[in-house]
Each structure stands twice: as C-alpha cells, then as structure tokens.
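Undergrad: My questions all concern the structure below.
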There are 2 protein chains.
Amino acid sequence: MEEQTKAQARWAVESLLARRTRGMRGSDIRDAFKLTERPDLISLAGGFPDEAAFPLDEVAGLIERLLAREGGRVFQYGPTEGSSELRSRVAEGMGRLGVAVPPEEVLLTSGSQQALDLIGRVLLDPGDVVLVESPGYVGGLSAFAAYEAQLVGVEMDREGLIPEDLERQLLRLRREGARVKLLYTVPTFQNPTGACLPAERRAALLDLAAEYGFLIVEDDPYREICFGSPPPPPLAATGAGRVLYLGSFSKVFLPGLRVGWVAGPAELIARLSLAKQPADLCSSLFGQKLVEAYLAEGRLAPRTAVLREEYRVKCEALHEALRAEDLPIEWERPGGGFFLWVTLPEGGDARRLLETARREGVAFVPGEAFHVTAGGGRRSLRLAYSQSSPERLREAAARLGRAIRAHLSEKAGIFPAPVKWVDTPLHPARGAAAQ
Amino acid sequence: MEEQTKAQARWAVESLLARRTRGMRGSDIRDAFKLTERPDLISLAGGFPDEAAFPLDEVAGLIERLLAREGGRVFQYGPTEGSSELRSRVAEGMGRLGVAVPPEEVLLTSGSQQALDLIGRVLLDPGDVVLVESPGYVGGLSAFAAYEAQLVGVEMDREGLIPEDLERQLLRLRREGARVKLLYTVPTFQNPTGACLPAERRAALLDLAAEYGFLIVEDDPYREICFGSPPPPPLAATGAGRVLYLGSFSKVFLPGLRVGWVAGPAELIARLSLAKQPADLCSSLFGQKLVEAYLAEGRLAPRTAVLREEYRVKCEALHEALRAEDLPIEWERPGGGFFLWVTLPEGGDARRLLETARREGVAFVPGEAFHVTAGGGRRSLRLAYSQSSPERLREAAARLGRAIRAHLSEKAGIFPAPVKWVDTPLHPARGAAAQ
C-alpha cells in the first residue's frame, strides 16, 4: 500500500517536469569525476587547479586579519551585484589588461559559470543560435543548451577559432533566417585545446560581430596561467559594447570560494544583476571579501608568477613524457592553461580507449564531450595536467602509452596496416611540435 | 563617432534580450536595502539575521581546525550535489524533525534561494500555475515568476494559508483548464506575516496536493527561531513524495556562506542536481565544510538556543514599544521568526507612509512587495526586528509612531472621522494580541 502510494507519487512527479527538463542529461565531465575517485587511478580528467598549490598559510593569516578588521559583516548577506570594493579592484585589474571598465559594469558571480547561466537567462529565447567553438568548454555549452539555444559549432585549428569558418556559418545562418545571438569563445589557452587566438583573428571576430550583430562572450579564466610571452589583449579591449568578458579567481586563487565576474555594457550588466536576484540573492560575501583582501595585500601578482612556473613545469613533464612514449598520436604544446589536447590516429576511439586506460590506472575526458555535433571529437582526448605532480604525470603518460598501444593493436585487425605517425610543422609562436 | 558606435552597440544589446527578460524588474526589497544604507536610519526593511550575534570567535577557531585537518581540499571545486558529509548531517537533522530522508535525497544549494530557482527551472513551463501565499515571500515569488509561471495568490489569515481558499482556487483553476504545478509556502513563522500554520491546516494542504496532483514547496528557514512551544512538524514529515523541503543555515549560522538545501523525492533531487551543473557547477565547498564542522562539533543546538532567546527579546521589544505608541494599527504577535506584519487602518497607504517614515529615520518594506495582485497589501508593512538591538527597536517604534500619526492625519481630510482601533481576539497558541 505504501509502495503503491510512493509509485503513484513518483509518476506524479515525472508528469510535472517542465518540457525543457525532460531531455536533460548530465555532463560527461562530471560523470568522469565520479568515476575517477579511485586512489590508485591518476586522473587527468578534471581540469581542477592543483590544491597542493593553494597558499594555505597565507589564507589562514588573511582570514584572521579579515575577521579582526571587518567583524561579522563578512558573513552577512551581500549586495546582489557583489562587494563594491572587489568590483573596483576587478575593474582596475581589467584596466591593466587594456579593458576600460568602471566598477558599475562589473557583476560578481558565483564562479564564472554563474555568469554563463545568467547570460543564457537574459539573452536566449528557445531556438536562438549560439556559435560555439568545436571543441568547446562543456560548461559553456551546457549553460546555453539549458536555455534551449541552438548550438552551432565553429571549426578550430591549432590557433583556435577559424574566422573563415565562422563567417561561412554566419552566412548560412543568415540565409536560413536564424537568430544569432552570441558567439561563445575561450580565446586564450582554450579549454579543451589549449589554443591561443592570435591578435588578427581576434580582430576578425570583432568585425564579424559588428557586421552580423551578435555579442561575444569571452570566457578568460586561463589568461594568467601563461608559460611564455603574454597572450594578445582580450577581445573586450577593443570590442566596445560588443563583448561580455568573464573572469575568475578559481585558477589563480581558490575555486572553492566561487568568485568570478562578468564585465560588459552597462545596460546588460544591469539586466544580469536583476536576473541574479531570483537565482541566488547574492554570492558568498565572505568569499568576495577574502579575494578582496588577497588583492589588497598585493598577494595575487607574486602568487600568479609562482603558479605560472608550477603549471609550466607540469605541462612540460606531461609533454616530454608523452614524447618519450613515441606513440602515433598528435598534440599541440600549449602556451598556457591546464590542458593538452591529443588526437588519436584514424580509427581511434577515445571512449573505448578510456576503458582500457582506466584498467591501466589513468583517466581523461573523451573529446566527444566537447562537441555539439554527434561523432565530433571521437579521436580526441583532453588531458588535464593541472592537478598532478610532474612525477604522477610521467607515470600517467606511461600508463596512457600502454593503453593507447593496446587500443591501437585491438584496432589493428580493422586497419590494413599499423598506423604511422607523420610529424607536422608547428605553430612557431608556441614552441616545439610533439608527437 | 565613438559615441555613435556606443549608441549603436547599446541599441544592438537591447535588441538581443530574451523575451522573458524584457519585462524583468528588481525586487522592492533589494531596492529598499539600497535606500536604507544611511547610518542615521533604523532599517526594519531587510530580513537579515543580526550580525552582532554571529559567533565570530567560534568561527575563527573552527576555520583554524578545519584548515589544519583538511588542508587545501576545502578550497577546491566540490561535487555539484554538495559535500557528502554535510548531506548526511542534514539528513540526520531532518530525521529529528520527523522527516525520513536518505542523504542522496538532499541537494545542497547556494542558499535556499538557489533551490527555489532550480525548482522553477526543472518544473515550470511558461503559463504553469504556482499557488502562493498572499502575502508571500518575495524571493519565492520572483524565482517562479522568472520562469514565466502564473502566480495565483491564496488568502492568509493569522494562522497562515487558508485551505478553504486554496480549494476554491484549485476548483476554479481546474475549470479553467490551468496546469497547477506547485504550491509555494513558508508555513512556519512565515515571511512576511510571522504566521505559523496549525497541524490541521498542514494536513488539509497535503490532502489537496494529493487530490489535485501538485507538489508542495515547503520553505522552512525560520523553524528554529521559535519563541514558545515548538511548531508542528514540517509538511514533509507526512507528505511522502509530494513535498520539496527547503532548509537553510542562513538564519541559525552565517548567511554569507550561502548554504541551504532541498530534500525531496529522489527522482526530483536528481533532476535538480542536473540543473545545478550549468547554473554554477557547485556551491562553495568551503562554506559547506565550515557548516559541517560546526555541526560535527555539536555547536548548532546550543547556539540555536541562544539565538531563540535573542530574537524573542527583540520581538518583544518591538511589540511592546509599538503597543506603547497606542496607534490605530493592527498586528499579530509572532511565535517565531524575524517579522512583524502591521496593518494600517482603512485608507492607509504603506508606500506613502514609507516616505514619511524615512524622513523620521526609519524604514520598512511596504506590503505590496509581497502580493501578486495589484493593490494587495497596500495597507500593510513588514517590520523586521531581526537586525536591530532592543534599544534601536524601541527608537524605531517611536519614529514609526510619529510617521504613522503624521500619515493618518494627512489622511484625516479624506476620512470622515479619526480611525478607531478595535481589539481582536488572538490565536491562543501564540500569546497576546496586540494593537
């Protein structure tokens, strides 16, 4: 009887779901996190910053001083748009990147993921087109997909988004009468490819935005994690009124505080702030105050210098160890960020490879997770070097090497001959090619 | 030229807004916060907990032990559904309230406001009906309105939601073919009225939910702030599969950590968790860990006892001071929570009163903010006693007294005779009536 009641209630609940909810599915990446919580497994799946690099001693002192100075108010509800002092500091920091922004045009969010969500909420009607990088960041894709946008992938190469393909898509969409609202891009040390868009391509994107009347969402969390010469200025620096710029303290300070921001045209920031009220009233004031104190004490710049070097060493460790494995795979050595994007030879299948790899004790995210078209990225895998030590990364490369060899020899029956790796010329700006 | 470009860009931005965004407006309450940041003004507007009562010393020690014990991982990204230890502790706490819930049926959110938002996202199609208390909590109303739900107000009296009016509305809506998805209620020490729904009415609500096939969203942040005998058990205790229960640590611990939760049918919690991924990936793990440590060290129960007494004293101070003013106004003395809901005599206008009151140096939220029908709550005002000391509350009552007398004497020209207060019998469970 009670079982029957429960079953009825369950049916009732299912029948109450909103239309948009019924097709909803989880992200492959979040699933990957769950699968990789085995201690014997080296996970290159989650693109998390290295928690061993969190400045715990600094933070402990910072909290002590913060509580002594500001008392209970740091634990109170805060303004929806965020702490005004931190908004000012963020605006200053953007000024140093060449983006002139007053504090009122900065909205602090619960990580920049919330900014993506609010942008979808404020700008997207069902069926609107969002142009996305293919492959592109899953969190961005899923945020816009949640508002029933039509995601249209734009091709990437080793330098990032290809403006010519973007224009092709725009022409086609215009012919079809589609309503193109946004282009979503991570132009600097992209997730998942690590690519960094050159200045000329940035200019071309902005020209297309003005010509075709869409906004650019520039998601820029990896800019400071830069291994060589600094990346070109943000699109927002020259995109006056056309760009929503998203930044985050998650990669350079502490992700668990959930402090990110969006900066852009005043009228849009006002709308995003209005949309944030029913979403969560306000973000954690304590998190914002802690970031604010970190910046006020001048700790971010020296810290970032340390992080750059740490992540550069990790990147190099994985890169060199994979080279030493001498595998028939291809990747571009990134100039910054957290990721190495690997392509398997013709006929490779990253999802199937993952099964083998997990048996070997290593995990990654298969490339399909980053594509909006079925079958895209089948031969690709994202390796995050951010979270493991150089020693673990070398071990991971060895395990991955075994897995890839096993995967390809399974495949050998399918292919007429063993796959042969062909060396390719590199993008000169970002160092040596890799095999 | 640059101005022209900016103007063009502004136009372009406006033209890109989603349909639902165009009519969006801010909440009166958030506006009230901004208006009341004058130090000479006593604000009874924001329903904030008293930050002077935050246990700062306890928290400082707690953070120190937390960092020593758990290290950097408390600042890492966390699981979307929240820390598993805290989910277990919340489930245990709900068990003590008579609600049997496994940890998997608890989703931690960025304050319970985010739970409201996720519920709207997962359950509401445009035009779906959400039944709400009239007056009701603004954050709930705005969360559901953001999903283009049709909000239908149900009448309240001193005991809260009136089941007979609910049934009338349900019959009418059924005749009209409306799709009723949710009833949203704050049954215990309601915001804004302070009313506490008796057990019989709770049972009646559950019967109607089963009969008419809707879900109840039970928002319960004030339960622990209880001045006399404990309130009846939550609706969720007997609502098996029909109730989404929302809880929060904002009133009993620290709102600035943004830690709330929603518990309910497993299949719905799974959907809400899926919907949270694109919304913000995860809430602050640090905030969750701090709450977890607070609970683990057994600090919540003794702390809650202290808070109950502090808020009881505040409530009494405002109540007695208003009585002493001998004004022709009416209110019910609440049995718990943060609010006192005042009704002006016929012809009073709380919005106009607020102008006078601000000149006198006191602020509140006019009742219209809590109503979904135009003109509702025109004579009502919400006084939050939570944030001010008893002394300040007495001063606030004196200022409010002057403002009300001035307001009513302005009105005297309109009315044939001075308004006369009539004493009304009280709800026996919750103490003395008030004038």
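So you can find residues: chains in the structure tokens are A, B, ... in the order shown, residues in each start at 1, and ligands are numbered from 1 in order.
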With a cut-off of 6 Å, could you pull out the residues of chain B touching chain A and give me the nearest pair of atoms for each, distance in Å to one decimal, using only C-alpha atoms, ordered by chain and ascending number, as CSV?
TA:
```
residue,atom,partner,partner_atom,distance
B:Ala9,CA,A:Gly241,CA,5.4
B:Leu17,CA,A:Leu123,CA,4.5
B:Ala18,CA,A:Leu123,CA,4.4
B:Thr21,CA,A:Val122,CA,5.4
B:Gly26,CA,A:Leu274,CA,5.7
B:Glu51,CA,A:Gly72,CA,5.3
B:Gly72,CA,A:Glu51,CA,5.3
B:Phe75,CA,A:Gly256,CA,4.0
B:Gln76,CA,A:Gly256,CA,4.6
B:Tyr77,CA,A:Gly256,CA,5.0
B:Gln113,CA,A:Asp280,CA,5.0
B:Gln114,CA,A:Asp280,CA,4.8
B:Asp117,CA,A:Ala279,CA,5.4
B:Val122,CA,A:Thr21,CA,5.4
B:Leu123,CA,A:Ala18,CA,4.4
B:Leu124,CA,A:Ala18,CA,5.0
B:Asp125,CA,A:Ala18,CA,5.2
B:Ser142,CA,A:Pro278,CA,5.7
B:Ala143,CA,A:Pro278,CA,4.6
B:Gly241,CA,A:Ala9,CA,5.4
B:Leu254,CA,A:Phe75,CA,5.6
B:Pro255,CA,A:Gln76,CA,5.4
B:Gly256,CA,A:Phe75,CA,4.0
B:Leu257,CA,A:Ser284,CA,5.3
B:Arg258,CA,A:Ser284,CA,5.8
B:Leu274,CA,A:Gly26,CA,5.8
B:Pro278,CA,A:Ala143,CA,4.6
B:Ala279,CA,A:Asp117,CA,5.3
B:Asp280,CA,A:Gln114,CA,4.7
B:Ser284,CA,A:Gly256,CA,5.0
B:Leu285,CA,A:Gly256,CA,5.3
B:Phe286,CA,A:Gly256,CA,5.8
```
Undergrad: Could you please take those selected residues and save N, CA and C atoms as a compact mmCIF listing (two decimals), in the first residue's frame?
TA:
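Saved file result-v2.txt follows:
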```
# COMPACT_ATOMS: atom_id res chain seq x y z
N ALA B 9 25.87 50.18 -30.39
CA ALA B 9 26.09 48.95 -29.63
C ALA B 9 24.99 48.78 -28.60
N LEU B 17 17.95 41.05 -26.21
CA LEU B 17 17.39 40.48 -24.97
C LEU B 17 16.37 39.39 -25.26
N ALA B 18 16.36 38.39 -24.38
CA ALA B 18 15.35 37.35 -24.48
C ALA B 18 13.98 37.94 -24.13
N THR B 21 13.17 38.49 -20.56
CA THR B 21 13.98 39.49 -19.88
C THR B 21 13.37 40.87 -19.97
N GLY B 26 13.39 44.78 -10.75
CA GLY B 26 14.05 44.43 -9.50
C GLY B 26 13.05 44.25 -8.38
N GLU B 51 24.03 40.48 12.68
CA GLU B 51 25.44 40.08 12.56
C GLU B 51 26.19 40.26 13.87
N GLY B 72 44.11 21.93 1.81
CA GLY B 72 43.63 22.69 0.66
C GLY B 72 42.32 22.19 0.07
N PHE B 75 39.13 24.20 -0.23
CA PHE B 75 39.03 25.32 -1.17
C PHE B 75 38.95 24.86 -2.63
N GLN B 76 38.82 23.56 -2.83
CA GLN B 76 38.75 23.00 -4.18
C GLN B 76 37.31 23.06 -4.69
N TYR B 77 37.13 22.86 -6.00
CA TYR B 77 35.78 22.63 -6.53
C TYR B 77 35.17 21.45 -5.77
N GLN B 113 17.56 30.06 -1.68
CA GLN B 113 17.09 30.79 -2.88
C GLN B 113 17.46 30.03 -4.14
N GLN B 114 18.66 29.45 -4.18
CA GLN B 114 19.02 28.70 -5.38
C GLN B 114 18.12 27.47 -5.56
N ASP B 117 15.12 28.60 -7.32
CA ASP B 117 15.42 28.81 -8.74
C ASP B 117 15.48 27.49 -9.49
N VAL B 122 13.38 23.34 -13.27
CA VAL B 122 13.11 21.93 -13.57
C VAL B 122 11.61 21.67 -13.79
N LEU B 123 10.77 22.46 -13.13
CA LEU B 123 9.35 22.11 -13.12
C LEU B 123 8.45 23.03 -13.92
N LEU B 124 8.87 24.26 -14.19
CA LEU B 124 7.89 25.22 -14.71
C LEU B 124 8.05 25.51 -16.19
N ASP B 125 6.97 25.27 -16.92
CA ASP B 125 6.85 25.79 -18.28
C ASP B 125 6.10 27.12 -18.19
N SER B 142 9.53 35.79 -6.91
CA SER B 142 10.34 36.23 -8.05
C SER B 142 11.04 35.05 -8.72
N ALA B 143 11.42 34.05 -7.93
CA ALA B 143 12.06 32.87 -8.53
C ALA B 143 11.11 32.19 -9.52
N GLY B 241 6.68 12.08 -0.81
CA GLY B 241 6.73 12.16 -2.26
C GLY B 241 6.00 13.35 -2.85
N LEU B 254 25.49 31.37 9.41
CA LEU B 254 26.05 32.53 8.73
C LEU B 254 25.51 32.63 7.30
N PRO B 255 24.70 33.65 7.01
CA PRO B 255 24.12 33.76 5.67
C PRO B 255 25.16 33.96 4.58
N GLY B 256 26.26 34.63 4.94
CA GLY B 256 27.29 34.94 3.94
C GLY B 256 28.03 33.72 3.43
N LEU B 257 27.77 32.53 4.00
CA LEU B 257 28.36 31.31 3.44
C LEU B 257 27.49 30.75 2.33
N ARG B 258 26.23 31.16 2.29
CA ARG B 258 25.27 30.69 1.27
C ARG B 258 25.17 29.17 1.27
N LEU B 274 21.07 17.86 -11.65
CA LEU B 274 21.46 18.04 -13.06
C LEU B 274 21.33 19.50 -13.48
N PRO B 278 24.87 23.34 -14.91
CA PRO B 278 25.12 24.53 -15.74
C PRO B 278 24.89 25.83 -14.99
N ALA B 279 24.18 25.79 -13.86
CA ALA B 279 23.88 27.03 -13.13
C ALA B 279 25.10 27.58 -12.41
N ASP B 280 25.89 26.70 -11.75
CA ASP B 280 27.09 27.20 -11.06
C ASP B 280 28.13 26.12 -10.79
N SER B 284 29.99 26.74 -2.89
CA SER B 284 31.26 26.87 -2.19
C SER B 284 31.49 25.69 -1.25
N LEU B 285 32.52 24.90 -1.53
CA LEU B 285 32.83 23.77 -0.66
C LEU B 285 33.29 24.27 0.70
N PHE B 286 34.02 25.38 0.71
CA PHE B 286 34.49 25.92 1.98
C PHE B 286 33.31 26.23 2.91
```
Undergrad: Where does DSSP see alpha helix (DSSP H) in segment 27-275 of chain B, if you list the residues as a PDB file with C-alpha atoms, in the first residue's frame?
TA:
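Result file follows (part-v2.pdb):
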```pdb
ATOM      1  CA  ASP B  28      11.253  46.213  -3.930  1.00  0.00           C
ATOM      2  CA  ILE B  29      13.155  44.649  -1.108  1.00  0.00           C
ATOM      3  CA  ARG B  30      16.551  44.859  -2.747  1.00  0.00           C
ATOM      4  CA  ASP B  31      15.727  48.464  -3.638  1.00  0.00           C
ATOM      5  CA  ALA B  32      14.766  49.060  -0.023  1.00  0.00           C
ATOM      6  CA  PHE B  33      18.184  47.788   1.063  1.00  0.00           C
ATOM      7  CA  LYS B  34      19.916  50.307  -1.141  1.00  0.00           C
ATOM      8  CA  LEU B  35      17.757  53.166   0.108  1.00  0.00           C
ATOM      9  CA  LEU B  56      32.933  35.056  15.368  1.00  0.00           C
ATOM     10  CA  ASP B  57      35.269  33.582  17.975  1.00  0.00           C
ATOM     11  CA  GLU B  58      33.825  30.127  17.476  1.00  0.00           C
ATOM     12  CA  VAL B  59      34.137  30.543  13.713  1.00  0.00           C
ATOM     13  CA  ALA B  60      37.773  31.671  13.865  1.00  0.00           C
ATOM     14  CA  GLY B  61      38.707  28.558  15.839  1.00  0.00           C
ATOM     15  CA  LEU B  62      36.593  26.384  13.595  1.00  0.00           C
ATOM     16  CA  ILE B  63      38.364  27.635  10.459  1.00  0.00           C
ATOM     17  CA  GLU B  64      41.763  27.066  12.032  1.00  0.00           C
ATOM     18  CA  ARG B  65      40.917  23.450  12.918  1.00  0.00           C
ATOM     19  CA  LEU B  66      39.285  22.874   9.534  1.00  0.00           C
ATOM     20  CA  LEU B  67      42.360  24.007   7.607  1.00  0.00           C
ATOM     21  CA  ALA B  68      44.677  22.008   9.851  1.00  0.00           C
ATOM     22  CA  ARG B  69      42.582  18.871   9.435  1.00  0.00           C
ATOM     23  CA  GLU B  70      41.518  19.009   5.788  1.00  0.00           C
ATOM     24  CA  SER B  84      28.523  14.122   1.160  1.00  0.00           C
ATOM     25  CA  GLU B  85      29.255  14.537   4.880  1.00  0.00           C
ATOM     26  CA  LEU B  86      27.057  17.611   5.131  1.00  0.00           C
ATOM     27  CA  ARG B  87      24.306  15.926   3.140  1.00  0.00           C
ATOM     28  CA  SER B  88      24.382  13.123   5.720  1.00  0.00           C
ATOM     29  CA  ARG B  89      24.230  15.558   8.615  1.00  0.00           C
ATOM     30  CA  VAL B  90      21.327  17.426   7.040  1.00  0.00           C
ATOM     31  CA  ALA B  91      19.511  14.136   6.517  1.00  0.00           C
ATOM     32  CA  GLU B  92      20.065  13.273  10.197  1.00  0.00           C
ATOM     33  CA  GLY B  93      18.746  16.681  11.245  1.00  0.00           C
ATOM     34  CA  MET B  94      15.657  16.200   9.127  1.00  0.00           C
ATOM     35  CA  GLY B  95      15.170  12.814  10.728  1.00  0.00           C
ATOM     36  CA  ARG B  96      14.986  14.573  14.093  1.00  0.00           C
ATOM     37  CA  GLY B 111      21.286  29.368  -0.065  1.00  0.00           C
ATOM     38  CA  SER B 112      17.750  28.038  -0.320  1.00  0.00           C
ATOM     39  CA  GLN B 113      17.091  30.792  -2.878  1.00  0.00           C
ATOM     40  CA  GLN B 114      19.020  28.699  -5.380  1.00  0.00           C
ATOM     41  CA  ALA B 115      16.786  25.745  -4.578  1.00  0.00           C
ATOM     42  CA  LEU B 116      13.763  27.884  -5.476  1.00  0.00           C
ATOM     43  CA  ASP B 117      15.417  28.813  -8.737  1.00  0.00           C
ATOM     44  CA  LEU B 118      16.286  25.223  -9.603  1.00  0.00           C
ATOM     45  CA  ILE B 119      12.744  24.102  -8.818  1.00  0.00           C
ATOM     46  CA  GLY B 120      11.434  26.718 -11.233  1.00  0.00           C
ATOM     47  CA  ARG B 121      13.928  25.605 -13.839  1.00  0.00           C
ATOM     48  CA  VAL B 122      13.108  21.930 -13.573  1.00  0.00           C
ATOM     49  CA  LEU B 123       9.355  22.107 -13.122  1.00  0.00           C
ATOM     50  CA  VAL B 138       9.290  37.871  -2.387  1.00  0.00           C
ATOM     51  CA  GLY B 139      12.267  35.633  -3.182  1.00  0.00           C
ATOM     52  CA  GLY B 140       9.950  32.726  -3.871  1.00  0.00           C
ATOM     53  CA  LEU B 141       7.537  34.768  -5.930  1.00  0.00           C
ATOM     54  CA  SER B 142      10.335  36.230  -8.050  1.00  0.00           C
ATOM     55  CA  ALA B 143      12.056  32.869  -8.532  1.00  0.00           C
ATOM     56  CA  PHE B 144       8.915  31.335 -10.012  1.00  0.00           C
ATOM     57  CA  ALA B 145       7.927  34.481 -11.918  1.00  0.00           C
ATOM     58  CA  PRO B 163      -7.123  25.726   2.993  1.00  0.00           C
ATOM     59  CA  GLU B 164     -10.692  26.628   2.009  1.00  0.00           C
ATOM     60  CA  ASP B 165      -9.458  29.436  -0.192  1.00  0.00           C
ATOM     61  CA  LEU B 166      -6.831  27.142  -1.629  1.00  0.00           C
ATOM     62  CA  GLU B 167      -9.529  24.648  -2.586  1.00  0.00           C
ATOM     63  CA  ARG B 168     -11.663  27.388  -4.130  1.00  0.00           C
ATOM     64  CA  GLN B 169      -8.745  28.452  -6.278  1.00  0.00           C
ATOM     65  CA  LEU B 170      -7.982  24.864  -7.248  1.00  0.00           C
ATOM     66  CA  LEU B 171     -11.568  24.243  -8.341  1.00  0.00           C
ATOM     67  CA  ARG B 172     -11.603  27.436 -10.372  1.00  0.00           C
ATOM     68  CA  LEU B 173      -8.237  26.637 -11.966  1.00  0.00           C
ATOM     69  CA  ARG B 174      -9.389  23.122 -12.808  1.00  0.00           C
ATOM     70  CA  ARG B 175     -12.485  24.519 -14.507  1.00  0.00           C
ATOM     71  CA  ALA B 199      -1.257  20.916  12.134  1.00  0.00           C
ATOM     72  CA  GLU B 200      -4.827  20.535  10.822  1.00  0.00           C
ATOM     73  CA  ARG B 201      -4.212  23.025   8.042  1.00  0.00           C
ATOM     74  CA  ARG B 202      -0.977  21.253   7.159  1.00  0.00           C
ATOM     75  CA  ALA B 203      -2.916  18.022   6.801  1.00  0.00           C
ATOM     76  CA  ALA B 204      -5.537  19.766   4.671  1.00  0.00           C
ATOM     77  CA  LEU B 205      -2.847  21.114   2.331  1.00  0.00           C
ATOM     78  CA  LEU B 206      -1.391  17.640   1.859  1.00  0.00           C
ATOM     79  CA  ASP B 207      -4.818  16.192   1.103  1.00  0.00           C
ATOM     80  CA  LEU B 208      -5.389  18.842  -1.540  1.00  0.00           C
ATOM     81  CA  ALA B 209      -1.945  18.207  -3.050  1.00  0.00           C
ATOM     82  CA  ALA B 210      -2.765  14.507  -3.451  1.00  0.00           C
ATOM     83  CA  GLU B 211      -6.253  15.193  -4.776  1.00  0.00           C
ATOM     84  CA  TYR B 212      -5.247  17.863  -7.287  1.00  0.00           C
ATOM     85  CA  ALA B 266      14.824  11.053  -5.299  1.00  0.00           C
ATOM     86  CA  GLU B 267      13.899  11.487  -8.950  1.00  0.00           C
ATOM     87  CA  LEU B 268      13.342  15.197  -8.468  1.00  0.00           C
ATOM     88  CA  ILE B 269      16.517  15.733  -6.465  1.00  0.00           C
ATOM     89  CA  ALA B 270      18.420  14.056  -9.305  1.00  0.00           C
ATOM     90  CA  ARG B 271      16.842  16.482 -11.790  1.00  0.00           C
ATOM     91  CA  LEU B 272      17.582  19.482  -9.583  1.00  0.00           C
ATOM     92  CA  SER B 273      21.176  18.353  -9.268  1.00  0.00           C
ATOM     93  CA  LEU B 274      21.456  18.035 -13.057  1.00  0.00           C
ATOM     94  CA  ALA B 275      20.026  21.535 -13.395  1.00  0.00           C
TER      95      ALA B 275
END
```
